[in-house]
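Colleague: Input file: coords.cif. Contents: mmCIF, C-alpha atoms and all ligand atoms.
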data_upload
#
loop_
_atom_site.label_atom_id
_atom_site.label_comp_id
_atom_site.auth_asym_id
_atom_site.auth_seq_id
_atom_site.Cartn_x
_atom_site.Cartn_y
_atom_site.Cartn_z
CA MET A 1 -14.64 13.21 13.69
CA THR A 2 -13.00 15.02 10.80
CA PHE A 3 -11.51 12.80 8.17
CA ALA A 4 -7.93 13.46 7.11
CA LEU A 5 -9.15 12.96 3.56
CA THR A 6 -12.28 12.00 1.70
CA CYS A 7 -12.73 11.65 -2.02
CA GLU A 8 -15.93 10.77 -3.81
CA ASN A 9 -16.64 9.65 -7.32
CA LEU A 10 -13.36 10.88 -8.74
CA VAL A 11 -13.20 10.49 -12.50
CA LYS A 12 -10.38 11.34 -14.92
CA ARG A 13 -10.74 10.62 -18.60
CA TYR A 14 -8.14 10.69 -21.34
CA ASP A 15 -9.49 10.53 -24.90
CA GLY A 16 -12.87 9.44 -23.57
CA THR A 17 -11.42 6.57 -21.51
CA ALA A 18 -11.73 6.79 -17.73
CA VAL A 19 -8.31 5.96 -16.23
CA VAL A 20 -9.77 6.85 -12.82
CA ASP A 21 -13.34 5.65 -12.73
CA HIS A 22 -15.50 6.82 -9.80
CA VAL A 23 -12.85 6.35 -7.14
CA GLY A 24 -13.90 7.05 -3.57
CA PHE A 25 -12.41 6.33 -0.14
CA HIS A 26 -11.69 8.05 3.14
CA ILE A 27 -8.75 8.26 5.52
CA ASP A 28 -9.41 8.71 9.24
CA THR A 29 -7.32 11.16 11.19
CA GLY A 30 -4.13 9.37 12.26
CA GLU A 31 -4.74 6.45 9.94
CA ALA A 32 -2.38 5.04 7.32
CA TYR A 33 -4.39 4.05 4.26
CA GLY A 34 -2.81 2.03 1.48
CA LEU A 35 -3.76 2.23 -2.15
CA LEU A 36 -2.58 -1.00 -3.69
CA GLY A 37 -2.66 -1.74 -7.36
CA PRO A 38 -0.56 -2.89 -10.31
CA ASN A 39 1.31 -0.50 -12.59
CA GLY A 40 -1.10 1.58 -14.60
CA ALA A 41 -4.04 1.00 -12.20
CA GLY A 42 -4.53 4.75 -11.77
CA LYS A 43 -2.74 5.41 -8.48
CA THR A 44 -0.66 8.38 -9.63
CA THR A 45 -3.57 9.93 -11.51
CA THR A 46 -5.73 9.60 -8.38
CA ILE A 47 -3.05 11.17 -6.19
CA SER A 48 -2.55 14.01 -8.67
CA MET A 49 -6.22 14.88 -8.22
CA LEU A 50 -6.02 14.57 -4.42
CA VAL A 51 -3.11 17.00 -4.18
CA GLY A 52 -4.61 19.50 -6.60
CA LEU A 53 -2.18 18.97 -9.49
CA LEU A 54 -4.85 17.60 -11.80
CA ARG A 55 -8.45 18.72 -12.04
CA PRO A 56 -10.92 15.83 -11.83
CA ASP A 57 -13.54 15.55 -14.58
CA GLU A 58 -16.01 14.56 -11.87
CA GLY A 59 -16.04 14.10 -8.12
CA SER A 60 -14.82 15.89 -5.03
CA VAL A 61 -11.92 15.92 -2.59
CA HIS A 62 -11.97 17.16 1.00
CA VAL A 63 -8.78 17.46 3.05
CA GLY A 64 -9.35 17.80 6.79
CA GLY A 65 -12.94 18.74 5.96
CA ILE A 66 -11.88 21.50 3.52
CA ASP A 67 -13.14 21.30 -0.07
CA LEU A 68 -10.10 21.22 -2.37
CA ALA A 69 -12.01 22.78 -5.26
CA SER A 70 -13.40 25.76 -3.34
CA ASP A 71 -10.46 26.43 -1.00
CA PRO A 72 -7.38 24.90 -2.61
CA ILE A 73 -4.79 26.90 -0.67
CA ALA A 74 -6.13 25.93 2.75
CA ALA A 75 -6.64 22.31 1.68
CA LYS A 76 -3.16 21.96 0.15
CA ARG A 77 -1.54 23.44 3.27
CA LEU A 78 -2.64 20.30 5.13
CA ILE A 79 -0.94 17.97 2.64
CA GLY A 80 2.67 16.85 2.36
CA TYR A 81 3.17 15.22 -1.03
CA VAL A 82 6.10 13.01 -1.96
CA PRO A 83 6.04 12.36 -5.71
CA GLN A 84 7.58 9.33 -7.39
CA GLU A 85 10.44 11.35 -8.83
CA ILE A 86 13.04 12.75 -6.44
CA ALA A 87 12.86 16.55 -6.50
CA LEU A 88 16.08 17.69 -4.82
CA TYR A 89 19.16 19.64 -5.87
CA PRO A 90 21.98 17.06 -5.96
CA GLU A 91 24.71 19.71 -5.58
CA LEU A 92 23.22 20.91 -2.31
CA THR A 93 23.25 19.14 1.05
CA ALA A 94 20.01 17.85 2.55
CA ARG A 95 20.06 20.74 5.00
CA GLU A 96 20.49 23.25 2.15
CA ASN A 97 17.70 21.63 0.16
CA LEU A 98 15.41 21.79 3.18
CA ARG A 99 16.32 25.45 3.75
CA TYR A 100 15.61 26.27 0.11
CA PHE A 101 12.22 24.52 0.02
CA GLY A 102 11.30 25.82 3.47
CA ARG A 103 11.82 29.40 2.25
CA LEU A 104 9.66 28.63 -0.77
CA TYR A 105 6.94 27.46 1.60
CA GLY A 106 7.28 30.79 3.41
CA LEU A 107 8.63 29.46 6.70
CA GLY A 108 10.34 32.10 8.84
CA ARG A 109 14.07 31.77 9.51
CA ARG A 110 13.77 30.70 13.14
CA ARG A 111 10.88 28.31 12.59
CA LEU A 112 12.70 26.84 9.61
CA ALA A 113 15.84 26.12 11.62
CA VAL A 114 13.76 24.19 14.18
CA ARG A 115 11.83 22.33 11.50
CA ILE A 116 14.97 21.33 9.57
CA ALA A 117 16.40 19.72 12.70
CA GLU A 118 13.09 17.96 13.48
CA VAL A 119 12.59 16.74 9.94
CA LEU A 120 16.15 15.41 9.55
CA GLU A 121 15.61 13.49 12.78
CA ALA A 122 12.23 12.14 11.62
CA VAL A 123 13.71 10.73 8.42
CA GLY A 124 16.92 9.50 10.06
CA LEU A 125 19.30 11.86 8.25
CA THR A 126 20.63 14.01 11.09
CA GLU A 127 24.12 12.55 10.75
CA ARG A 128 24.26 12.99 6.95
CA GLY A 129 22.40 16.31 6.75
CA ASP A 130 25.53 18.23 5.72
CA ASP A 131 26.52 15.88 2.91
CA LYS A 132 25.61 16.63 -0.68
CA VAL A 133 22.52 14.80 -1.87
CA GLN A 134 24.47 13.41 -4.85
CA THR A 135 26.46 11.26 -2.40
CA TYR A 136 23.27 9.67 -1.04
CA SER A 137 21.85 6.22 -1.76
CA GLY A 138 18.46 6.05 -3.46
CA GLY A 139 16.78 5.42 -0.14
CA MET A 140 18.47 8.40 1.52
CA LYS A 141 17.39 10.67 -1.34
CA ARG A 142 13.84 9.45 -0.91
CA ARG A 143 13.96 10.09 2.81
CA ALA A 144 15.31 13.59 2.21
CA ASN A 145 12.42 14.12 -0.19
CA ILE A 146 9.99 12.96 2.49
CA GLY A 147 11.67 15.48 4.77
CA VAL A 148 10.90 18.30 2.33
CA ALA A 149 7.24 17.27 2.29
CA LEU A 150 7.14 17.39 6.11
CA LEU A 151 8.63 20.87 6.56
CA HIS A 152 5.37 22.79 6.72
CA GLU A 153 3.89 20.35 9.27
CA PRO A 154 1.23 18.76 7.10
CA ARG A 155 -1.52 16.68 8.67
CA LEU A 156 -1.65 14.20 5.82
CA LEU A 157 1.38 12.75 4.07
CA ILE A 158 0.84 11.33 0.59
CA LEU A 159 3.52 8.99 -0.70
CA ASP A 160 3.50 7.75 -4.28
CA GLU A 161 5.36 4.42 -4.45
CA PRO A 162 8.21 5.59 -2.19
CA THR A 163 10.33 2.46 -2.49
CA VAL A 164 10.37 2.01 -6.25
CA GLY A 165 13.89 1.60 -7.57
CA VAL A 166 15.72 1.47 -4.23
CA ASP A 167 17.84 -1.33 -2.84
CA PRO A 168 16.38 -3.61 -0.11
CA GLN A 169 18.37 -2.01 2.69
CA SER A 170 17.18 1.48 1.73
CA ARG A 171 13.67 0.15 1.49
CA VAL A 172 13.81 -0.96 5.10
CA ALA A 173 15.08 2.48 6.16
CA ILE A 174 12.27 4.22 4.25
CA LEU A 175 9.65 1.95 5.80
CA ASP A 176 11.11 2.55 9.28
CA SER A 177 10.83 6.32 8.78
CA VAL A 178 7.30 6.05 7.44
CA GLU A 179 6.22 3.80 10.31
CA GLY A 180 7.74 6.25 12.79
CA LEU A 181 5.68 9.08 11.30
CA VAL A 182 2.49 7.05 11.56
CA ALA A 183 3.32 6.11 15.17
CA ASP A 184 3.65 9.84 15.88
CA GLY A 185 0.10 10.39 14.63
CA MET A 186 0.56 11.39 10.98
CA SER A 187 -2.32 10.54 8.67
CA MET A 188 -1.03 8.88 5.51
CA LEU A 189 -1.90 7.77 2.03
CA TYR A 190 0.62 5.20 0.89
CA THR A 191 0.53 3.80 -2.62
CA SER A 192 2.46 0.80 -3.70
CA HIS A 193 2.37 -2.30 -5.79
CA TYR A 194 4.24 -4.13 -3.02
CA MET A 195 1.76 -6.06 -0.92
CA GLU A 196 4.09 -6.55 2.03
CA GLU A 197 4.76 -2.83 2.37
CA VAL A 198 1.09 -1.96 2.48
CA GLU A 199 0.48 -4.78 4.96
CA ARG A 200 3.26 -3.47 7.16
CA VAL A 201 2.50 0.26 7.08
CA CYS A 202 -1.26 0.54 6.61
CA THR A 203 -4.25 -0.31 8.77
CA ARG A 204 -6.70 -0.11 5.88
CA VAL A 205 -6.25 -0.86 2.22
CA GLY A 206 -8.03 0.02 -0.99
CA ILE A 207 -7.35 -2.28 -3.91
CA ILE A 208 -7.34 -0.34 -7.17
CA ASP A 209 -7.47 -1.98 -10.55
CA LYS A 210 -8.18 -0.44 -13.96
CA GLY A 211 -9.15 2.85 -12.38
CA ARG A 212 -11.62 1.44 -9.86
CA VAL A 213 -11.39 0.70 -6.15
CA VAL A 214 -12.53 -2.91 -6.25
CA ALA A 215 -12.31 -3.50 -2.48
CA ASP A 216 -11.61 -1.45 0.62
CA GLY A 217 -11.12 -2.49 4.24
CA THR A 218 -8.67 -3.83 6.77
CA ARG A 219 -6.54 -6.74 5.65
CA ARG A 220 -8.67 -9.05 7.75
CA GLU A 221 -11.92 -7.67 6.28
CA LEU A 222 -10.66 -7.98 2.73
CA VAL A 223 -9.59 -11.57 3.20
CA ALA A 224 -12.79 -12.48 5.09
CA GLU A 225 -15.05 -10.76 2.55
CA LEU A 226 -13.62 -12.95 -0.14
CA GLY A 227 -13.99 -16.12 1.85
CA GLY A 228 -10.69 -17.00 0.24
CA THR A 229 -9.39 -20.48 -0.30
CA ASP A 230 -7.15 -21.96 2.37
CA LYS A 231 -4.25 -24.24 1.65
CA VAL A 232 -4.07 -27.28 3.89
CA ASP A 233 -1.02 -29.54 3.95
CA LEU A 234 -1.65 -33.00 5.33
CA VAL A 235 1.33 -35.20 6.13
CA LEU A 236 0.25 -38.83 5.81
CA GLU A 237 1.50 -42.33 6.44
CA GLY A 238 -0.03 -45.02 4.24
CA ASP A 239 -1.53 -45.01 0.75
CA VAL A 240 -1.05 -41.33 -0.07
CA ASP A 241 -2.43 -41.46 -3.65
CA THR A 242 -5.70 -43.13 -2.59
CA ALA A 243 -5.96 -40.74 0.34
CA ALA A 244 -5.63 -37.78 -2.06
CA ALA A 245 -8.41 -39.20 -4.24
CA LYS A 246 -10.66 -39.59 -1.21
CA LEU A 247 -9.85 -36.09 0.06
CA ARG A 248 -10.88 -34.66 -3.29
CA THR A 249 -14.45 -35.87 -2.65
CA VAL A 250 -14.83 -33.98 0.65
CA GLU A 251 -17.26 -31.10 0.35
CA GLY A 252 -15.39 -27.77 0.43
CA VAL A 253 -12.21 -29.25 -1.06
CA THR A 254 -11.51 -27.86 -4.51
CA ASP A 255 -8.25 -29.69 -5.14
CA ALA A 256 -5.97 -32.27 -3.55
CA ALA A 257 -2.55 -33.02 -4.97
CA VAL A 258 0.34 -35.12 -3.75
CA THR A 259 3.16 -32.61 -3.37
CA GLY A 260 5.78 -34.61 -1.49
CA GLN A 261 6.46 -38.21 -0.61
CA ASN A 262 4.02 -38.05 2.29
CA THR A 263 2.23 -34.78 1.75
CA VAL A 264 -1.10 -33.90 0.17
CA ARG A 265 -1.85 -30.24 -0.43
CA LEU A 266 -5.55 -29.38 -0.40
CA LEU A 267 -7.24 -26.23 -1.59
CA ALA A 268 -10.34 -25.80 0.51
CA VAL A 269 -12.87 -23.25 1.66
CA GLY A 270 -12.94 -23.01 5.46
CA GLY A 271 -9.91 -25.29 5.89
CA ARG A 272 -9.77 -25.37 9.69
CA HIS A 273 -13.44 -26.37 10.05
CA LEU A 274 -13.00 -29.13 7.50
CA LEU A 275 -10.39 -30.97 9.53
CA PRO A 276 -12.73 -33.57 11.09
CA ALA A 277 -14.17 -34.40 7.64
CA LEU A 278 -10.66 -34.66 6.18
CA LEU A 279 -9.53 -37.02 8.92
CA ALA A 280 -12.67 -39.14 8.45
CA ALA A 281 -12.12 -39.31 4.67
CA VAL A 282 -8.66 -40.88 4.94
CA GLU A 283 -9.46 -43.25 7.81
CA GLY A 284 -8.43 -46.78 6.90
CA THR A 285 -6.31 -45.49 3.98
CA ALA A 286 -3.67 -43.41 5.69
CA GLN A 287 -2.80 -41.92 9.03
CA VAL A 288 -2.49 -38.17 9.43
CA THR A 289 0.76 -37.31 11.19
CA GLY A 290 0.84 -33.57 10.52
CA VAL A 291 -1.50 -30.75 9.52
CA GLU A 292 -0.77 -27.19 8.44
CA VAL A 293 -3.52 -24.74 7.48
CA ILE A 294 -2.29 -21.74 5.48
CA GLU A 295 -4.96 -19.07 5.57
CA PRO A 296 -5.38 -16.69 2.62
CA ASP A 297 -3.47 -13.42 2.64
CA LEU A 298 -3.88 -10.12 0.91
CA GLU A 299 -2.04 -11.46 -2.12
CA ALA A 300 -4.71 -14.16 -2.48
CA ALA A 301 -7.45 -11.56 -2.01
CA PHE A 302 -5.87 -9.39 -4.68
CA LEU A 303 -5.58 -12.28 -7.09
CA HIS A 304 -9.21 -13.18 -6.50
CA LEU A 305 -10.41 -9.61 -7.09
CA THR A 306 -8.35 -8.66 -10.09
CA GLY A 307 -7.45 -11.97 -11.65
CA SER A 308 -3.80 -10.91 -11.81
CA THR A 309 -0.84 -10.87 -9.50
CA LEU A 310 0.74 -7.62 -8.41
CA ARG A 311 4.03 -8.41 -10.11
CA ASP A 312 2.44 -8.48 -13.57
N1 LIG B 1 -1.66 12.33 -19.40
C1 LIG B 1 -2.12 11.13 -19.75
N2 LIG B 1 -2.66 10.93 -20.97
C2 LIG B 1 -3.15 9.72 -21.33
N3 LIG B 1 -3.14 8.63 -20.53
C3 LIG B 1 -2.63 8.76 -19.31
C4 LIG B 1 -2.08 10.02 -18.84
N4 LIG B 1 -1.65 9.83 -17.56
C5 LIG B 1 -1.88 8.54 -17.26
N5 LIG B 1 -2.46 7.90 -18.29
C6 LIG B 1 -2.87 6.48 -18.30
O1 LIG B 1 -3.69 6.27 -17.18
C7 LIG B 1 -3.49 4.97 -16.64
C8 LIG B 1 -3.19 5.09 -15.16
O2 LIG B 1 -1.91 5.66 -14.97
P1 LIG B 1 -1.29 5.96 -13.54
O3 LIG B 1 0.06 6.55 -13.75
O4 LIG B 1 -2.26 6.74 -12.75
O5 LIG B 1 -1.17 4.51 -12.94
P2 LIG B 1 -0.39 4.01 -11.67
O6 LIG B 1 -1.28 3.06 -10.96
O7 LIG B 1 0.13 5.16 -10.88
O8 LIG B 1 0.80 3.20 -12.27
P3 LIG B 1 2.37 3.41 -12.10
O9 LIG B 1 2.70 2.67 -10.88
O10 LIG B 1 2.92 2.76 -13.33
O11 LIG B 1 2.62 4.88 -12.03
C9 LIG B 1 -2.38 4.34 -17.44
O12 LIG B 1 -2.94 3.48 -18.39
C10 LIG B 1 -1.71 5.52 -18.11
O13 LIG B 1 -1.17 5.14 -19.34
#
So that I can check it, write out the structure of this file as structure tokens.
Modeller:
Amino acid sequence: MTFALTCENLVKRYDGTAVVDHVGFHIDTGEAYGLLGPNGAGKTTTISMLVGLLRPDEGSVHVGGIDLASDPIAAKRLIGYVPQEIALYPELTARENLRYFGRLYGLGRRRLAVRIAEVLEAVGLTERGDDKVQTYSGGMKRRANIGVALLHEPRLLILDEPTVGVDPQSRVAILDSVEGLVADGMSMLYTSHYMEEVERVCTRVGIIDKGRVVADGTRRELVAELGGTDKVDLVLEGDVDTAAAKLRTVEGVTDAAVTGQNTVRLLAVGGRHLLPALLAAVEGTAQVTGVEVIEPDLEAAFLHLTGSTLRD
């Protein structure tokens, strides 16, 4: 199978410091891959090298099996790139913008007319296509920009933090459009520092921190690989403080704190399997009337890997 994209050992240095430090990952055809990392992690610099805007100091990029360095025109033809900054003429309508950029791409008049209609539909702007872009919300502008990137029928769409600076409603509309494109078979690289977006859109995720991909896999793989800590809430009747002290001694439990009148929250490795031991530990002290096991999510995995939260 041909990969939509592969990159290997990408390095970019500024003043001797590697801001992208041997980054490598692949995107299968038809797959949405998320690059998740805090501000300054190196996402934009990586993307700039993938789309041929920035020459890597080391490493290679292949798009649809084509080497970007040796055949940049053919490789770039396969990519639709949506940068962080909106690149549209506000005085023109979306349709006029699309016509302008389509001509730049060298699309013929007839083909362009068909593509403009298809693209407006794909990004949910058919109804507003004849309104000036300056009247659009942030989310609509972003969707129009995605439309421009789709005109030449790329096989791989690369989106650099597409929801930054837009209101929640627009965010939902952008995500709906993006999900629709993936459902229609588009391969995608989606960067964000919003965990929930990457979880929603992408099947596989690379976590990037300080220029390095520190983990790569499906959400489930990432969480499993880390053997993350579960949270277990036990609702008890009886001597809750003594029960908490006893729970703390159970092997696998790293913490037990009384969080409500009748509730002890445990941090534990392998929470679900520990339940019999937990019940045995409190026997005679308190009765367990409720149990909730909260398994670790990508946010926990990220925290474990990088030592920081994404909102830093
Ligand atoms: N032209 C440049 N010269 C020097 N340093 C740079 C240059 N471009 C980027 N950097 C540095 O490289 C690091 C990575 O930046 P990059 O923009 O790739 O991160 P990012 O993950 O995309 O973050 P953001 O979400 O803020 O854009 C940052 O520390 C940034 O200051």
Colleague: Give as a ChimeraX atom specification the residues surrounding ligand LIG 1 (chain B) up to a distance of 7 Å, considering only C-alpha atoms and all ligand atoms.
Modeller: /A:14,19,37-46,211
Colleague: When you look at Arg204 (chain A) with a cut-off of 6 Å (counting all atoms listed in the file), what residues show up, excluding the ones that are within fewer than 6 positions of it in the same chain? I need them as a ChimeraX atom specification.
Modeller: /A:33,217-218
Colleague: Looking at all atoms listed in the file, which of A:Val250, A:Leu98, A:Val51, A:Ala149 is the one that sits closest to Ala280 (chain A)?
Modeller: A:Val250
Colleague: If you count all atoms listed in the file, which residues fall within 8 Å of Val148 (chain A), apart from same-chain ones fewer than 6 positions away, as a PyMOL selection string?
Modeller: chain A and resi 97-98+101-102+119
Colleague: List the neighbours of Gly124 (chain A) out to 8 Å using only C-alpha atoms; skip same-chain residues closer than 3 positions along the sequence, and give me the result as an MDAnalysis selection string.
Modeller: chainID A and resid 120:121 127 143 177
Colleague: Please provide the set of residues having any atom within 9 Å of region 155-162 of chain A, restricted to only C-alpha atoms, with same-chain residues fewer than 3 positions apart removed, written as a PyMOL selection string.
Modeller: chain A and resi 4-5+29-30+43-44+47+51+63-64+77-84+139+142-143+146+149-150+165-166+171+174-175+185-194
Colleague: Could you please determine the separation between CA of Pro72 (chain A) and CA of Gly52 (chain A) in Å, to one decimal place?
Modeller: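 These atoms are spaced 7.3 Å apart.
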Colleague: Report the distance between CA of Asn9 (chain A) and CA of Asp71 (chain A) in Å, rounded to one decimal place.
Modeller: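 Separation between CA of Asn9 (chain A) and CA of Asp71 (chain A): 19.0 Å.
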Colleague: Could you state the separation of CA of Leu88 (chain A) and CA of Ser137 (chain A) in Å, given to one decimal place?
Modeller: 13.2 Å
Colleague: At a cut-off of 8 Å, using all atoms listed in the file, what residues contact Val253 (chain A)? Leave out same-chain residues fewer than 3 positions from it and give the result as a PDB file with C-alpha atoms, in the coordinates of the input.
Modeller:
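Listed below is the output, selection_13.pdb:
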ATOM      1  CA  LEU A 247      -9.850 -36.090   0.060  1.00  0.00           C
ATOM      2  CA  ARG A 248     -10.880 -34.660  -3.290  1.00  0.00           C
ATOM      3  CA  THR A 249     -14.450 -35.870  -2.650  1.00  0.00           C
ATOM      4  CA  VAL A 250     -14.830 -33.980   0.650  1.00  0.00           C
ATOM      5  CA  ALA A 256      -5.970 -32.270  -3.550  1.00  0.00           C
ATOM      6  CA  LEU A 266      -5.550 -29.380  -0.400  1.00  0.00           C
ATOM      7  CA  LEU A 267      -7.240 -26.230  -1.590  1.00  0.00           C
ATOM      8  CA  ALA A 268     -10.340 -25.800   0.510  1.00  0.00           C
ATOM      9  CA  VAL A 269     -12.870 -23.250   1.660  1.00  0.00           C
TER      10      VAL A 269
END
Colleague: List as a ChimeraX atom specification: which residues have an atom within 7 Å of (-0.2, -30.8, 10.4), counting all atoms listed in the file?
Modeller: /A:233-235,289-292
Colleague: Go ahead and save the picked residues with C-alpha atoms, as a compact mmCIF listing (two decimals), in the frame of the given file.
Modeller:
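Saved file result.txt follows:
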# COMPACT_ATOMS: atom_id res chain seq x y z
CA ASP A 233 -1.02 -29.54 3.95
CA LEU A 234 -1.65 -33.00 5.33
CA VAL A 235 1.33 -35.20 6.13
CA THR A 289 0.76 -37.31 11.19
CA GLY A 290 0.84 -33.57 10.52
CA VAL A 291 -1.50 -30.75 9.52
CA GLU A 292 -0.77 -27.19 8.44
Colleague: From the options A:Val205, A:Met195, A:Cys7, A:Val123, which residue's atoms come nearest to Asp176 (chain A), counting only C-alpha atoms?
Modeller: A:Val123
Colleague: Can you give me N, CA and C atoms for region 238-259 of chain A, written as a PDB file, in the frame of the given file?
Modeller:
ATOM      1  N   GLY A 238       0.897 -44.036   4.823  1.00  0.00           N
ATOM      2  CA  GLY A 238      -0.030 -45.020   4.240  1.00  0.00           C
ATOM      3  C   GLY A 238      -0.138 -44.812   2.740  1.00  0.00           C
ATOM      4  N   ASP A 239      -1.310 -45.107   2.189  1.00  0.00           N
ATOM      5  CA  ASP A 239      -1.530 -45.010   0.750  1.00  0.00           C
ATOM      6  C   ASP A 239      -1.901 -43.564   0.386  1.00  0.00           C
ATOM      7  N   VAL A 240      -0.873 -42.779   0.097  1.00  0.00           N
ATOM      8  CA  VAL A 240      -1.050 -41.330  -0.070  1.00  0.00           C
ATOM      9  C   VAL A 240      -1.905 -41.017  -1.314  1.00  0.00           C
ATOM     10  N   ASP A 241      -1.683 -41.760  -2.413  1.00  0.00           N
ATOM     11  CA  ASP A 241      -2.430 -41.460  -3.650  1.00  0.00           C
ATOM     12  C   ASP A 241      -3.935 -41.725  -3.460  1.00  0.00           C
ATOM     13  N   THR A 242      -4.269 -42.836  -2.838  1.00  0.00           N
ATOM     14  CA  THR A 242      -5.700 -43.130  -2.590  1.00  0.00           C
ATOM     15  C   THR A 242      -6.283 -42.097  -1.629  1.00  0.00           C
ATOM     16  N   ALA A 243      -5.490 -41.737  -0.627  1.00  0.00           N
ATOM     17  CA  ALA A 243      -5.960 -40.740   0.340  1.00  0.00           C
ATOM     18  C   ALA A 243      -6.283 -39.428  -0.379  1.00  0.00           C
ATOM     19  N   ALA A 244      -5.391 -39.031  -1.315  1.00  0.00           N
ATOM     20  CA  ALA A 244      -5.630 -37.780  -2.060  1.00  0.00           C
ATOM     21  C   ALA A 244      -6.935 -37.857  -2.836  1.00  0.00           C
ATOM     22  N   ALA A 245      -7.171 -39.008  -3.455  1.00  0.00           N
ATOM     23  CA  ALA A 245      -8.410 -39.200  -4.240  1.00  0.00           C
ATOM     24  C   ALA A 245      -9.625 -39.079  -3.331  1.00  0.00           C
ATOM     25  N   LYS A 246      -9.531 -39.668  -2.152  1.00  0.00           N
ATOM     26  CA  LYS A 246     -10.660 -39.590  -1.210  1.00  0.00           C
ATOM     27  C   LYS A 246     -10.862 -38.166  -0.706  1.00  0.00           C
ATOM     28  N   LEU A 247      -9.761 -37.473  -0.456  1.00  0.00           N
ATOM     29  CA  LEU A 247      -9.850 -36.090   0.060  1.00  0.00           C
ATOM     30  C   LEU A 247     -10.535 -35.175  -0.955  1.00  0.00           C
ATOM     31  N   ARG A 248     -10.301 -35.469  -2.216  1.00  0.00           N
ATOM     32  CA  ARG A 248     -10.880 -34.660  -3.290  1.00  0.00           C
ATOM     33  C   ARG A 248     -12.415 -34.670  -3.257  1.00  0.00           C
ATOM     34  N   THR A 249     -12.976 -35.732  -2.657  1.00  0.00           N
ATOM     35  CA  THR A 249     -14.450 -35.870  -2.650  1.00  0.00           C
ATOM     36  C   THR A 249     -15.093 -35.157  -1.458  1.00  0.00           C
ATOM     37  N   VAL A 250     -14.261 -34.647  -0.542  1.00  0.00           N
ATOM     38  CA  VAL A 250     -14.830 -33.980   0.650  1.00  0.00           C
ATOM     39  C   VAL A 250     -15.414 -32.635   0.222  1.00  0.00           C
ATOM     40  N   GLU A 251     -16.610 -32.351   0.707  1.00  0.00           N
ATOM     41  CA  GLU A 251     -17.260 -31.100   0.350  1.00  0.00           C
ATOM     42  C   GLU A 251     -16.450 -29.914   0.878  1.00  0.00           C
ATOM     43  N   GLY A 252     -16.203 -28.930   0.031  1.00  0.00           N
ATOM     44  CA  GLY A 252     -15.390 -27.770   0.430  1.00  0.00           C
ATOM     45  C   GLY A 252     -13.973 -27.862  -0.126  1.00  0.00           C
ATOM     46  N   VAL A 253     -13.554 -29.082  -0.491  1.00  0.00           N
ATOM     47  CA  VAL A 253     -12.210 -29.250  -1.060  1.00  0.00           C
ATOM     48  C   VAL A 253     -12.288 -29.037  -2.566  1.00  0.00           C
ATOM     49  N   THR A 254     -11.475 -28.121  -3.070  1.00  0.00           N
ATOM     50  CA  THR A 254     -11.510 -27.860  -4.510  1.00  0.00           C
ATOM     51  C   THR A 254     -10.383 -28.574  -5.251  1.00  0.00           C
ATOM     52  N   ASP A 255      -9.330 -28.938  -4.502  1.00  0.00           N
ATOM     53  CA  ASP A 255      -8.250 -29.690  -5.140  1.00  0.00           C
ATOM     54  C   ASP A 255      -7.450 -30.425  -4.075  1.00  0.00           C
ATOM     55  N   ALA A 256      -6.869 -31.541  -4.448  1.00  0.00           N
ATOM     56  CA  ALA A 256      -5.970 -32.270  -3.550  1.00  0.00           C
ATOM     57  C   ALA A 256      -4.890 -32.891  -4.410  1.00  0.00           C
ATOM     58  N   ALA A 257      -3.649 -32.506  -4.145  1.00  0.00           N
ATOM     59  CA  ALA A 257      -2.550 -33.020  -4.970  1.00  0.00           C
ATOM     60  C   ALA A 257      -1.428 -33.519  -4.070  1.00  0.00           C
ATOM     61  N   VAL A 258      -0.809 -34.605  -4.495  1.00  0.00           N
ATOM     62  CA  VAL A 258       0.340 -35.120  -3.750  1.00  0.00           C
ATOM     63  C   VAL A 258       1.536 -34.237  -4.102  1.00  0.00           C
ATOM     64  N   THR A 259       2.080 -33.567  -3.090  1.00  0.00           N
ATOM     65  CA  THR A 259       3.160 -32.610  -3.370  1.00  0.00           C
ATOM     66  C   THR A 259       4.511 -33.086  -2.865  1.00  0.00           C
TER      67      THR A 259
END
